[in-house]
file run26.txt (compact mmCIF, C-alpha atoms)
# COMPACT_ATOMS: atom_id res chain seq x y z
CA MET A 1 -31.38 5.94 6.81
CA ILE A 2 -29.43 8.23 4.55
CA GLU A 3 -29.97 8.49 0.83
CA ARG A 4 -26.34 8.23 -0.07
CA ARG A 5 -25.93 9.88 -3.43
CA PRO A 6 -27.43 13.29 -2.66
CA PHE A 7 -25.64 13.22 0.68
CA VAL A 8 -22.26 12.58 -0.94
CA GLN A 9 -23.00 15.32 -3.47
CA LYS A 10 -23.87 17.74 -0.68
CA ILE A 11 -20.60 16.98 1.15
CA LEU A 12 -18.67 17.60 -2.08
CA LYS A 13 -20.59 20.68 -3.15
CA ASN A 14 -18.60 23.45 -1.48
CA ARG A 15 -15.40 21.53 -1.15
CA GLN A 16 -12.29 23.36 -0.08
CA SER A 17 -9.13 23.41 -2.17
CA ASN A 18 -7.16 21.44 0.42
CA LEU A 19 -9.45 18.40 0.10
CA ARG A 20 -8.51 15.27 -1.82
CA VAL A 21 -11.13 12.55 -2.13
CA VAL A 22 -10.61 8.83 -2.67
CA SER A 23 -13.40 6.30 -3.15
CA GLY A 24 -13.56 2.54 -2.77
CA LEU A 25 -14.70 0.33 -5.60
CA GLY A 26 -18.26 0.15 -6.81
CA THR A 27 -21.06 2.38 -5.65
CA SER A 28 -18.76 4.69 -3.69
CA THR A 29 -16.90 5.58 -6.87
CA TRP A 30 -20.13 6.14 -8.84
CA ASP A 31 -21.36 8.35 -5.97
CA LEU A 32 -18.14 10.36 -5.97
CA MET A 33 -18.24 10.83 -9.73
CA SER A 34 -21.90 11.91 -9.57
CA GLY A 35 -20.71 15.04 -7.80
CA GLY A 36 -18.99 16.15 -11.00
CA ASP A 37 -15.62 15.47 -12.58
CA ASP A 38 -12.80 16.80 -10.42
CA LYS A 39 -9.11 16.04 -10.81
CA ALA A 40 -8.79 16.06 -7.03
CA ASN A 41 -10.73 12.78 -6.86
CA PHE A 42 -9.39 9.27 -7.29
CA GLY A 43 -11.88 6.41 -7.55
CA PHE A 44 -11.11 2.71 -7.25
CA ILE A 45 -12.86 0.43 -9.71
CA GLY A 46 -11.22 -2.75 -8.45
CA ALA A 47 -8.58 -3.95 -5.95
CA MET A 48 -11.23 -4.52 -3.29
CA GLY A 49 -9.97 -3.89 0.22
CA GLN A 50 -7.18 -1.52 -0.84
CA ALA A 51 -8.91 1.85 -0.53
CA ILE A 52 -8.24 2.29 3.20
CA PRO A 53 -4.51 1.48 3.00
CA PHE A 54 -4.23 3.68 -0.12
CA ALA A 55 -5.85 6.59 1.73
CA LEU A 56 -3.51 6.05 4.67
CA GLY A 57 -0.43 6.16 2.42
CA LEU A 58 -1.74 9.31 0.72
CA ALA A 59 -2.51 10.99 4.05
CA MET A 60 0.99 10.17 5.34
CA ALA A 61 2.56 11.58 2.20
CA GLN A 62 0.45 14.76 2.11
CA PRO A 63 0.08 15.88 5.74
CA ASP A 64 -0.95 19.42 4.76
CA LEU A 65 -3.99 18.26 2.81
CA ARG A 66 -7.26 16.85 4.17
CA ILE A 67 -7.95 13.37 2.85
CA LEU A 68 -11.49 11.99 2.67
CA LEU A 69 -12.22 8.40 1.75
CA PHE A 70 -15.72 7.32 0.77
CA THR A 71 -16.04 3.59 0.78
CA GLY A 72 -18.54 0.83 1.42
CA ASP A 73 -19.07 -1.72 4.14
CA GLY A 74 -18.13 -4.53 1.74
CA ASP A 75 -14.80 -2.95 0.83
CA THR A 76 -14.07 -2.20 4.49
CA LEU A 77 -14.93 -5.70 5.66
CA MET A 78 -12.47 -7.17 3.19
CA SER A 79 -9.56 -5.50 4.97
CA LEU A 80 -10.72 -4.90 8.54
CA GLY A 81 -7.12 -5.11 9.73
CA SER A 82 -6.36 -1.92 7.82
CA ILE A 83 -8.44 -0.04 10.42
CA ALA A 84 -6.00 -1.23 13.09
CA THR A 85 -3.11 -0.10 10.90
CA VAL A 86 -4.66 3.36 10.52
CA ALA A 87 -5.19 3.58 14.28
CA ASN A 88 -1.62 2.64 15.09
CA HIS A 89 0.05 4.85 12.50
CA PRO A 90 -2.10 7.84 13.18
CA VAL A 91 -2.47 10.58 10.66
CA THR A 92 -4.36 13.68 11.69
CA ASN A 93 -5.68 14.53 8.22
CA LEU A 94 -7.66 11.41 7.28
CA THR A 95 -11.41 10.84 7.44
CA ILE A 96 -12.76 7.44 6.46
CA MET A 97 -16.46 7.63 5.67
CA ILE A 98 -18.10 4.24 5.31
CA MET A 99 -21.36 4.37 3.38
CA ASP A 100 -22.82 1.37 5.18
CA ASN A 101 -25.84 -0.02 3.33
CA GLU A 102 -25.42 -3.43 4.94
CA SER A 103 -25.37 -5.14 1.58
CA TYR A 104 -23.44 -5.95 -1.57
CA VAL A 105 -25.83 -3.88 -3.67
CA GLU A 106 -23.91 -4.21 -6.95
CA THR A 107 -24.11 -7.99 -6.96
CA GLY A 108 -27.74 -8.43 -5.99
CA SER A 109 -28.01 -6.98 -2.49
CA GLN A 110 -26.71 -9.94 -0.54
CA PRO A 111 -26.38 -8.94 3.13
CA THR A 112 -22.95 -8.07 4.51
CA ALA A 113 -21.77 -8.75 8.05
CA THR A 114 -23.05 -5.31 9.09
CA ALA A 115 -26.59 -6.49 8.33
CA GLY A 116 -25.91 -9.06 11.02
CA LYS A 117 -24.00 -8.56 14.22
CA THR A 118 -21.04 -6.50 13.06
CA ASP A 119 -20.81 -2.82 14.00
CA LEU A 120 -18.04 -0.95 12.19
CA GLU A 121 -18.02 1.94 14.66
CA ILE A 122 -17.25 -0.49 17.47
CA VAL A 123 -14.65 -2.21 15.28
CA ALA A 124 -13.03 1.18 14.69
CA LYS A 125 -13.15 2.18 18.35
CA GLY A 126 -11.83 -1.20 19.41
CA SER A 127 -9.07 -0.90 16.83
CA GLY A 128 -8.05 2.42 18.36
CA ILE A 129 -9.67 5.10 16.22
CA ALA A 130 -11.15 7.17 19.04
CA ASN A 131 -12.95 9.63 16.77
CA SER A 132 -15.44 7.14 15.36
CA TYR A 133 -19.17 7.66 15.22
CA THR A 134 -22.30 6.55 13.37
CA ILE A 135 -24.85 8.75 11.68
CA HIS A 136 -28.33 7.79 10.55
CA SER A 137 -29.55 11.03 9.06
CA GLU A 138 -28.56 13.85 6.70
CA LYS A 139 -29.04 16.16 9.68
CA ASP A 140 -25.50 15.29 10.73
CA TYR A 141 -24.06 17.14 7.72
CA ASP A 142 -22.45 19.91 9.80
CA ARG A 143 -20.78 17.40 12.07
CA ILE A 144 -19.32 15.54 9.09
CA ILE A 145 -17.96 18.72 7.52
CA LYS A 146 -16.28 19.63 10.81
CA THR A 147 -14.73 16.16 11.01
CA ILE A 148 -13.46 16.31 7.43
CA TYR A 149 -11.88 19.76 7.60
CA GLU A 150 -11.16 20.55 11.23
CA GLU A 151 -11.01 17.64 13.61
CA GLU A 152 -7.82 15.84 14.45
CA GLY A 153 -7.92 12.49 12.70
CA PRO A 154 -7.86 9.77 11.97
CA SER A 155 -11.64 9.78 12.01
CA LEU A 156 -14.07 7.10 10.95
CA VAL A 157 -17.71 7.83 10.23
CA VAL A 158 -20.22 5.08 9.63
CA ALA A 159 -23.07 6.54 7.58
CA LYS A 160 -26.03 4.17 7.63
CA CYS A 161 -27.49 4.28 4.11
CA GLN A 162 -30.43 2.92 2.22
CA ALA A 163 -29.61 -0.24 0.31
CA LYS A 164 -30.72 1.11 -3.01
CA ALA A 165 -29.01 0.66 -6.36
CA THR A 166 -28.20 3.99 -7.98
CA PRO A 167 -27.35 4.80 -11.61
CA LEU A 168 -23.76 4.18 -12.58
CA VAL A 169 -21.73 7.35 -13.05
CA PHE A 170 -18.39 6.54 -14.59
CA PRO A 171 -15.15 8.41 -14.00
CA HIS A 172 -13.32 10.41 -16.64
CA SER A 173 -11.40 7.24 -17.54
CA PHE A 174 -11.40 3.58 -16.61
CA ASP A 175 -7.66 3.55 -17.23
CA GLY A 176 -6.06 3.68 -13.80
CA SER A 177 -2.92 5.36 -15.09
CA VAL A 178 -4.97 8.21 -16.53
CA SER A 179 -6.93 8.57 -13.29
CA ILE A 180 -3.93 8.53 -11.00
CA ASN A 181 -1.93 10.94 -13.16
CA ARG A 182 -4.81 13.43 -13.25
CA PHE A 183 -5.11 13.11 -9.49
CA MET A 184 -1.37 13.51 -8.97
CA SER A 185 -1.36 16.64 -11.15
CA THR A 186 -3.34 18.35 -8.38
CA LEU A 187 -0.58 17.63 -5.88
CA LYS A 188 2.29 19.31 -7.71
CA SER A 189 3.08 22.82 -6.56
CA MET B 190 28.84 -14.13 10.88
CA GLU B 191 26.96 -11.31 12.58
CA GLY B 192 29.05 -8.82 10.64
CA THR B 193 28.26 -10.24 7.24
CA ILE B 194 24.56 -10.63 8.03
CA LYS B 195 24.41 -7.02 9.12
CA ASP B 196 26.21 -5.96 5.96
CA TRP B 197 23.68 -7.06 3.37
CA ARG B 198 20.77 -5.46 5.20
CA ASN B 199 22.92 -2.35 5.36
CA ASP B 200 23.30 -2.58 1.59
CA ILE B 201 19.50 -2.54 1.22
CA TYR B 202 19.23 0.38 3.61
CA LYS B 203 21.81 2.29 1.56
CA VAL B 204 19.68 1.79 -1.56
CA PHE B 205 16.64 3.12 0.31
CA LYS B 206 18.59 6.22 1.29
CA GLU B 207 20.09 6.74 -2.14
CA LEU B 208 16.75 6.43 -3.93
CA ASP B 209 14.81 8.43 -1.34
CA ILE B 210 12.60 5.56 -0.24
CA THR B 211 11.03 7.05 2.87
CA MET B 212 8.25 4.62 3.74
CA VAL B 213 8.73 0.96 4.58
CA SER B 214 5.80 -1.30 5.37
CA HIS B 215 6.00 -4.89 6.51
CA VAL B 216 4.53 -7.92 8.09
CA PRO B 217 7.69 -8.83 9.94
CA ASP B 218 9.96 -11.70 9.09
CA ALA B 219 13.14 -12.59 10.94
CA GLY B 220 15.07 -12.26 7.69
CA HIS B 221 14.07 -8.58 7.47
CA THR B 222 14.44 -7.71 11.14
CA PRO B 223 17.88 -6.05 10.94
CA LEU B 224 16.63 -3.90 8.03
CA ILE B 225 13.42 -3.00 9.87
CA ASN B 226 15.52 -1.98 12.88
CA LEU B 227 17.74 0.23 10.70
CA CYS B 228 14.67 1.91 9.20
CA GLU B 229 13.03 2.45 12.57
CA LYS B 230 16.11 4.27 13.81
CA ASP B 231 15.95 6.63 10.82
CA ASN B 232 13.73 9.66 11.40
CA GLU B 233 13.36 10.18 7.67
CA ILE B 234 11.76 6.75 7.16
CA ASP B 235 8.23 5.91 8.29
CA VAL B 236 7.87 2.25 9.20
CA VAL B 237 4.32 0.89 9.00
CA THR B 238 3.51 -2.48 10.54
CA LEU B 239 0.68 -4.10 8.59
CA THR B 240 -1.84 -6.74 9.60
CA THR B 241 -1.75 -8.34 6.15
CA GLU B 242 0.76 -7.93 3.36
CA GLN B 243 -1.82 -6.88 0.78
CA ASP B 244 -2.40 -3.62 2.63
CA GLY B 245 1.21 -2.75 1.90
CA VAL B 246 0.36 -2.66 -1.79
CA GLY B 247 -2.39 -0.07 -1.32
CA LEU B 248 -0.33 1.89 1.20
CA SER B 249 2.61 2.01 -1.16
CA CYS B 250 0.43 3.21 -4.04
CA GLY B 251 -1.24 5.91 -1.93
CA ALA B 252 2.16 7.10 -0.74
CA PHE B 253 3.43 7.27 -4.32
CA ALA B 254 0.36 9.23 -5.40
CA GLY B 255 1.27 11.65 -2.61
CA GLY B 256 4.87 11.90 -3.76
CA ARG B 257 6.69 9.40 -1.55
CA LYS B 258 8.54 6.25 -2.51
CA SER B 259 8.18 3.13 -0.43
CA ALA B 260 8.99 -0.56 -0.20
CA LEU B 261 7.03 -3.52 1.17
CA LEU B 262 8.97 -6.14 3.15
CA MET B 263 7.44 -9.56 3.56
CA GLN B 264 8.05 -13.27 3.75
CA SER B 265 7.22 -15.46 0.76
CA SER B 266 4.06 -16.70 2.52
CA GLY B 267 2.75 -13.12 2.34
CA VAL B 268 3.05 -12.90 -1.42
CA GLY B 269 -0.08 -14.99 -1.86
CA ASN B 270 -2.03 -12.48 0.20
CA CYS B 271 -1.17 -9.73 -2.28
CA ILE B 272 -2.31 -11.16 -5.59
CA ASN B 273 -5.47 -9.17 -6.30
CA ALA B 274 -4.05 -6.04 -4.69
CA LEU B 275 -1.24 -6.14 -7.27
CA ALA B 276 -3.84 -5.09 -9.86
CA LEU B 277 -3.69 -1.60 -8.35
CA PRO B 278 -0.07 -0.68 -9.19
CA ASN B 279 -0.39 -2.62 -12.44
CA ILE B 280 -3.43 -0.82 -13.86
CA CYS B 281 -2.38 2.58 -12.48
CA ARG B 282 1.25 2.22 -13.63
CA ILE B 283 2.41 3.07 -10.13
CA PRO B 284 5.93 1.87 -9.29
CA PHE B 285 5.81 -0.87 -6.68
CA LEU B 286 8.78 -2.46 -4.93
CA THR B 287 8.73 -5.42 -2.60
CA LEU B 288 11.55 -7.38 -0.95
CA VAL B 289 10.62 -10.96 -0.17
CA SER B 290 12.51 -13.16 2.28
CA MET B 291 12.16 -16.70 0.98
CA ARG B 292 10.98 -19.75 2.86
CA GLY B 293 10.15 -23.19 1.60
CA GLU B 294 13.24 -23.64 -0.51
CA TRP B 295 16.83 -24.06 0.72
CA GLY B 296 16.83 -26.64 3.51
CA GLU B 297 13.34 -25.77 4.75
CA PHE B 298 12.23 -27.72 7.79
CA VAL B 299 8.57 -26.61 8.01
CA PRO B 300 6.50 -28.32 5.31
CA TRP B 301 3.76 -25.70 5.58
CA GLN B 302 6.18 -23.15 4.11
CA VAL B 303 6.82 -25.16 0.96
CA PRO B 304 3.69 -24.53 -1.17
CA MET B 305 3.85 -20.74 -1.07
CA GLY B 306 7.62 -20.77 -1.27
CA LEU B 307 7.43 -22.73 -4.52
CA GLY B 308 4.54 -20.59 -5.74
CA THR B 309 6.08 -17.22 -4.98
CA PRO B 310 7.94 -16.49 -8.24
CA LYS B 311 5.09 -17.96 -10.29
CA VAL B 312 2.32 -15.87 -8.79
CA LEU B 313 4.40 -12.72 -8.91
CA GLU B 314 5.12 -13.28 -12.58
CA ALA B 315 1.47 -14.13 -13.19
CA MET B 316 0.64 -10.62 -11.95
CA ASP B 317 3.26 -8.95 -14.18
CA VAL B 318 5.73 -8.35 -11.38
CA LYS B 319 9.35 -8.40 -12.57
CA VAL B 320 11.12 -10.90 -10.33
CA PHE B 321 14.74 -10.38 -9.31
CA ARG B 322 16.60 -12.79 -7.08
CA ALA B 323 19.61 -12.59 -4.77
CA ASP B 324 21.22 -15.86 -3.74
CA TYR B 325 24.41 -14.44 -2.25
CA LYS B 326 24.94 -11.58 0.15
CA GLU B 327 27.43 -9.92 -2.19
CA GLU B 328 24.72 -9.37 -4.80
CA VAL B 329 21.96 -8.07 -2.54
CA GLY B 330 22.81 -4.38 -2.80
CA SER B 331 23.16 -4.35 -6.57
CA THR B 332 20.03 -6.49 -7.03
CA VAL B 333 17.85 -4.32 -4.82
CA ASP B 334 19.25 -1.24 -6.52
CA ALA B 335 18.44 -2.70 -9.94
CA ALA B 336 14.93 -3.74 -8.91
CA ALA B 337 14.17 -0.37 -7.34
CA ARG B 338 15.40 1.52 -10.38
CA PHE B 339 13.41 -0.82 -12.63
CA ALA B 340 10.25 -0.10 -10.62
CA PHE B 341 10.64 3.64 -10.22
CA ASN B 342 12.05 4.33 -13.69
CA THR B 343 9.60 2.20 -15.67
CA ASN B 344 6.52 2.55 -13.45
CA CYS B 345 6.23 -1.19 -13.04
CA SER B 346 6.16 -3.65 -10.15
CA ALA B 347 9.35 -5.38 -9.05
CA ALA B 348 10.17 -7.94 -6.40
CA VAL B 349 13.50 -9.11 -5.04
CA LEU B 350 13.48 -12.65 -3.69
CA LEU B 351 16.10 -12.92 -0.95
CA SER B 352 17.11 -16.56 -0.92
CA GLN B 353 16.72 -18.81 2.06
CA LYS B 354 20.27 -19.98 1.33
CA MET B 355 21.41 -16.54 2.44
CA ILE B 356 19.00 -16.05 5.34
CA GLY B 357 18.35 -19.57 6.48
CA ALA B 358 20.62 -21.49 8.80
CA LYS B 359 20.71 -19.07 11.68
CA GLN B 360 16.92 -19.07 11.98
CA PHE B 361 16.83 -22.84 12.08
CA LYS B 362 18.97 -22.87 15.21
CA ASN B 363 16.81 -20.29 16.92
CA GLY B 364 13.59 -21.88 15.71
call {"tool": "encode", "arguments": {"input": "run26.txt", "output": "structure tokens"}}
result
Amino acid sequence: MIERRPFVQKILKNRQSNLRVVSGLGTSTWDLMSGGDDKANFGFIGAMGQAIPFALGLAMAQPDLRILLFTGDGDTLMSLGSIATVANHPVTNLTIMIMDNESYVETGSQPTATAGKTDLEIVAKGSGIANSYTIHSEKDYDRIIKTIYEEEGPSLVVAKCQAKATPLVFPHSFDGSVSINRFMSTLKS
Amino acid sequence: MEGTIKDWRNDIYKVFKELDITMVSHVPDAGHTPLINLCEKDNEIDVVTLTTEQDGVGLSCGAFAGGRKSALLMQSSGVGNCINALALPNICRIPFLTLVSMRGEWGEFVPWQVPMGLGTPKVLEAMDVKVFRADYKEEVGSTVDAAARFAFNTNCSAAVLLSQKMIGAKQFKNG
């Protein structure tokens, strides 16, 4: 099982200038922000289930950038159909990385469907995202980096993580208009 | 009849072209089909078929963040699926435009369509979406144009309800 926060920080550490990172609500956003404030990040704090479609729209609009989404199993399960939409409107520049801790950690660690019989890699493959795989260890770092920057997407990586609450790290602002305008300022030429 | 039906969808399409709306997402509805077909024939417009209407809200916001304008097409029954997702354009002040083909109002024959049809303007307004309405084909173009400009110029959410009076009878025969 992966310890998610240091792993996310490691992925972000030597990030390339063509990378834009989006995170789903809750722990994924605190993880992303723990890697340091960067205008090229946009973190959801609400609108559960909307991170995958948002990342798809962004990837379609910015085909020359690489788009990485960190999100959780809970957020993904709320809009499973969005995986089918990604598969059928393929974008080559999108990596969806699901930090799958098999629980709703923020609300008291109730188990999600992935703690039971649901396997998000198989969901993704069955939905039509061929480049889908699961990792259980930080040793797969090099593979992830290759997927994010080089492989033809869409890609979906299920990273099996420890179900451990981590300290909250807030973004620059809780005001969505501030966050999105900072993010968009990195997209203007 | 065919000619006039085609015309008001053409009027919407013209607004899309004039305002550089290049992404159209939808859960299909017969009322939107001629417009969807026009958009699919246009190489400059990406048409995204959704599995649930709410994903069109996120998609539209991501596209706008990336510099592209879009519109979500749905039936009134889909509006209820979007409620929490509408927080995203609201809190981020991202322009959001949706065109809603109405059911459950003018001469409806399926009772299951009535609750969401009646609820559609109320829930949109409850989520701070500015609601426009077109009851006659002659006003569709100007109404969609006004709603789109409202959304994209004021960074707010806008919906156009396309009345069942305008769409309706033909579908009843086919249904």
call {"tool": "closest_atom_pairs", "arguments": {"input": "run26.txt", "of": "chain B", "to": "chain A", "cutoff": "7 Å", "atoms": "all atoms listed in the file", "output": "tab-separated table"}}
result
residue	atom	partner	partner_atom	distance
B:Val237	CA	A:His89	CA	6.8
B:Leu239	CA	A:Thr85	CA	6.0
B:Thr240	CA	A:Gly81	CA	5.5
B:Asp244	CA	A:Pro53	CA	5.5
B:Gly247	CA	A:Phe54	CA	4.3
B:Leu248	CA	A:Gly57	CA	4.4
B:Ser249	CA	A:Gly57	CA	6.3
B:Cys250	CA	A:Phe54	CA	6.1
B:Gly251	CA	A:Phe54	CA	4.1
B:Ala252	CA	A:Gly57	CA	4.2
B:Ala254	CA	A:Met184	CA	5.8
B:Gly255	CA	A:Ala61	CA	5.0
B:Gly256	CA	A:Ala61	CA	6.4
B:Arg257	CA	A:Ala61	CA	6.0
B:Asn273	CA	A:Ala47	CA	6.1
B:Ala274	CA	A:Ala47	CA	5.1
B:Ala276	CA	A:Ala47	CA	6.2
B:Leu277	CA	A:Ala47	CA	5.9
B:Ile280	CA	A:Gly176	CA	5.2
B:Cys281	CA	A:Ser177	CA	3.9
B:Arg282	CA	A:Ser177	CA	5.4
call {"tool": "residues_around", "arguments": {"input": "run26.txt", "residues": "region 309-325 of chain B", "least_positions_apart": "4", "cutoff": "9 Å", "atoms": "all atoms listed in the file", "output": "NGL selection string"}}
result
:B and (265-266 or 268-269 or 272-273 or 275-276 or 279 or 285 or 291 or 304-305 or 329 or 332-333 or 335-336 or 339-340 or 345-355)
call {"tool": "closest_residue", "arguments": {"input": "run26.txt", "among": "A:Thr134, A:Thr95, A:Thr114, A:Ser34", "to": "Pro6 (chain A)", "atoms": "only C-alpha atoms"}}
result
A:Ser34
call {"tool": "residues_around", "arguments": {"input": "run26.txt", "residues": "region 212-223 of chain B", "least_positions_apart": "4", "cutoff": "8 Å", "atoms": "all atoms listed in the file", "output": "PDB file with C-alpha atoms, keeping the file's coordinate frame"}}
result
ATOM      1  CA  LYS B 195      24.410  -7.020   9.120  1.00  0.00           C
ATOM      2  CA  ARG B 198      20.770  -5.460   5.200  1.00  0.00           C
ATOM      3  CA  LEU B 227      17.740   0.230  10.700  1.00  0.00           C
ATOM      4  CA  CYS B 228      14.670   1.910   9.200  1.00  0.00           C
ATOM      5  CA  ILE B 234      11.760   6.750   7.160  1.00  0.00           C
ATOM      6  CA  ASP B 235       8.230   5.910   8.290  1.00  0.00           C
ATOM      7  CA  VAL B 236       7.870   2.250   9.200  1.00  0.00           C
ATOM      8  CA  VAL B 237       4.320   0.890   9.000  1.00  0.00           C
ATOM      9  CA  THR B 238       3.510  -2.480  10.540  1.00  0.00           C
ATOM     10  CA  LEU B 239       0.680  -4.100   8.590  1.00  0.00           C
ATOM     11  CA  THR B 240      -1.840  -6.740   9.600  1.00  0.00           C
ATOM     12  CA  THR B 241      -1.750  -8.340   6.150  1.00  0.00           C
ATOM     13  CA  GLU B 242       0.760  -7.930   3.360  1.00  0.00           C
ATOM     14  CA  GLY B 245       1.210  -2.750   1.900  1.00  0.00           C
ATOM     15  CA  SER B 249       2.610   2.010  -1.160  1.00  0.00           C
ATOM     16  CA  ALA B 252       2.160   7.100  -0.740  1.00  0.00           C
ATOM     17  CA  ARG B 257       6.690   9.400  -1.550  1.00  0.00           C
ATOM     18  CA  LYS B 258       8.540   6.250  -2.510  1.00  0.00           C
ATOM     19  CA  SER B 259       8.180   3.130  -0.430  1.00  0.00           C
ATOM     20  CA  ALA B 260       8.990  -0.560  -0.200  1.00  0.00           C
ATOM     21  CA  LEU B 261       7.030  -3.520   1.170  1.00  0.00           C
ATOM     22  CA  LEU B 262       8.970  -6.140   3.150  1.00  0.00           C
ATOM     23  CA  MET B 263       7.440  -9.560   3.560  1.00  0.00           C
ATOM     24  CA  GLN B 264       8.050 -13.270   3.750  1.00  0.00           C
ATOM     25  CA  GLY B 267       2.750 -13.120   2.340  1.00  0.00           C
ATOM     26  CA  SER B 290      12.510 -13.160   2.280  1.00  0.00           C
ATOM     27  CA  ILE B 356      19.000 -16.050   5.340  1.00  0.00           C
ATOM     28  CA  GLN B 360      16.920 -19.070  11.980  1.00  0.00           C
TER      29      GLN B 360
END
call {"tool": "residues_around", "arguments": {"input": "run26.txt", "residues": "Phe70 (chain A)", "least_positions_apart": "4", "cutoff": "7 Å", "atoms": "only C-alpha atoms", "output": "compact mmCIF listing (two decimals) with C-alpha atoms, in the coordinates of the input"}}
result
# COMPACT_ATOMS: atom_id res chain seq x y z
CA VAL A 22 -10.61 8.83 -2.67
CA SER A 23 -13.40 6.30 -3.15
CA GLY A 24 -13.56 2.54 -2.77
CA SER A 28 -18.76 4.69 -3.69
CA ILE A 96 -12.76 7.44 6.46
CA MET A 97 -16.46 7.63 5.67
CA ILE A 98 -18.10 4.24 5.31
CA MET A 99 -21.36 4.37 3.38
call {"tool": "atom_distance", "arguments": {"input": "run26.txt", "atom1": "CA of Leu77 (chain A)", "atom2": "CA of Ile122 (chain A)"}}
result
13.1 Å
call {"tool": "atom_distance", "arguments": {"input": "run26.txt", "atom1": "CA of Lys206 (chain B)", "atom2": "CA of Val289 (chain B)"}}
result
19.0 Å
call {"tool": "residues_near_point", "arguments": {"input": "run26.txt", "point": "(-28.5, 12.2, -2.2)", "cutoff": "12 Å", "atoms": "only C-alpha atoms", "output": "list in words"}}
result
Met1, Ile2, Glu3, Arg4, Arg5, Pro6, Phe7, Val8, Gln9, Lys10, Ile11, Leu12, Lys13, Asp31, Leu32, Ser34, Gly35, Met99, Ser137, Glu138, Tyr141, Cys161, Gln162, Lys164 and Thr166 of chain A
call {"tool": "build_atoms", "arguments": {"input": "run26.txt", "residues": "region 212-227 of chain B", "atoms": "N, CA and C atoms", "output": "compact mmCIF listing (two decimals), keeping the file's coordinate frame"}}
result
# COMPACT_ATOMS: atom_id res chain seq x y z
N MET B 212 9.30 5.35 3.03
CA MET B 212 8.25 4.62 3.74
C MET B 212 8.50 3.12 3.54
N VAL B 213 8.49 2.41 4.64
CA VAL B 213 8.73 0.96 4.58
C VAL B 213 7.61 0.29 5.35
N SER B 214 6.86 -0.57 4.68
CA SER B 214 5.80 -1.30 5.37
C SER B 214 6.17 -2.78 5.42
N HIS B 215 5.63 -3.48 6.39
CA HIS B 215 6.00 -4.89 6.51
C HIS B 215 5.01 -5.65 7.37
N VAL B 216 4.91 -6.94 7.09
CA VAL B 216 4.53 -7.92 8.09
C VAL B 216 5.86 -8.58 8.42
N PRO B 217 6.29 -8.53 9.67
CA PRO B 217 7.69 -8.83 9.94
C PRO B 217 8.09 -10.26 9.61
N ASP B 218 9.34 -10.38 9.25
CA ASP B 218 9.96 -11.70 9.09
C ASP B 218 11.37 -11.59 9.66
N ALA B 219 11.83 -12.65 10.30
CA ALA B 219 13.14 -12.59 10.94
C ALA B 219 14.22 -12.18 9.94
N GLY B 220 14.08 -12.61 8.71
CA GLY B 220 15.07 -12.26 7.69
C GLY B 220 15.16 -10.77 7.45
N HIS B 221 14.08 -10.04 7.69
CA HIS B 221 14.07 -8.58 7.47
C HIS B 221 14.36 -7.79 8.73
N THR B 222 14.38 -8.45 9.88
CA THR B 222 14.44 -7.71 11.14
C THR B 222 15.59 -6.70 11.23
N PRO B 223 16.81 -7.07 10.85
CA PRO B 223 17.88 -6.05 10.94
C PRO B 223 17.59 -4.82 10.08
N LEU B 224 16.97 -5.03 8.91
CA LEU B 224 16.63 -3.90 8.03
C LEU B 224 15.52 -3.06 8.65
N ILE B 225 14.51 -3.73 9.21
CA ILE B 225 13.42 -3.00 9.87
C ILE B 225 13.99 -2.15 11.01
N ASN B 226 14.91 -2.73 11.77
CA ASN B 226 15.52 -1.98 12.88
C ASN B 226 16.28 -0.76 12.37
N LEU B 227 17.02 -0.92 11.28
CA LEU B 227 17.74 0.23 10.70
C LEU B 227 16.76 1.32 10.30
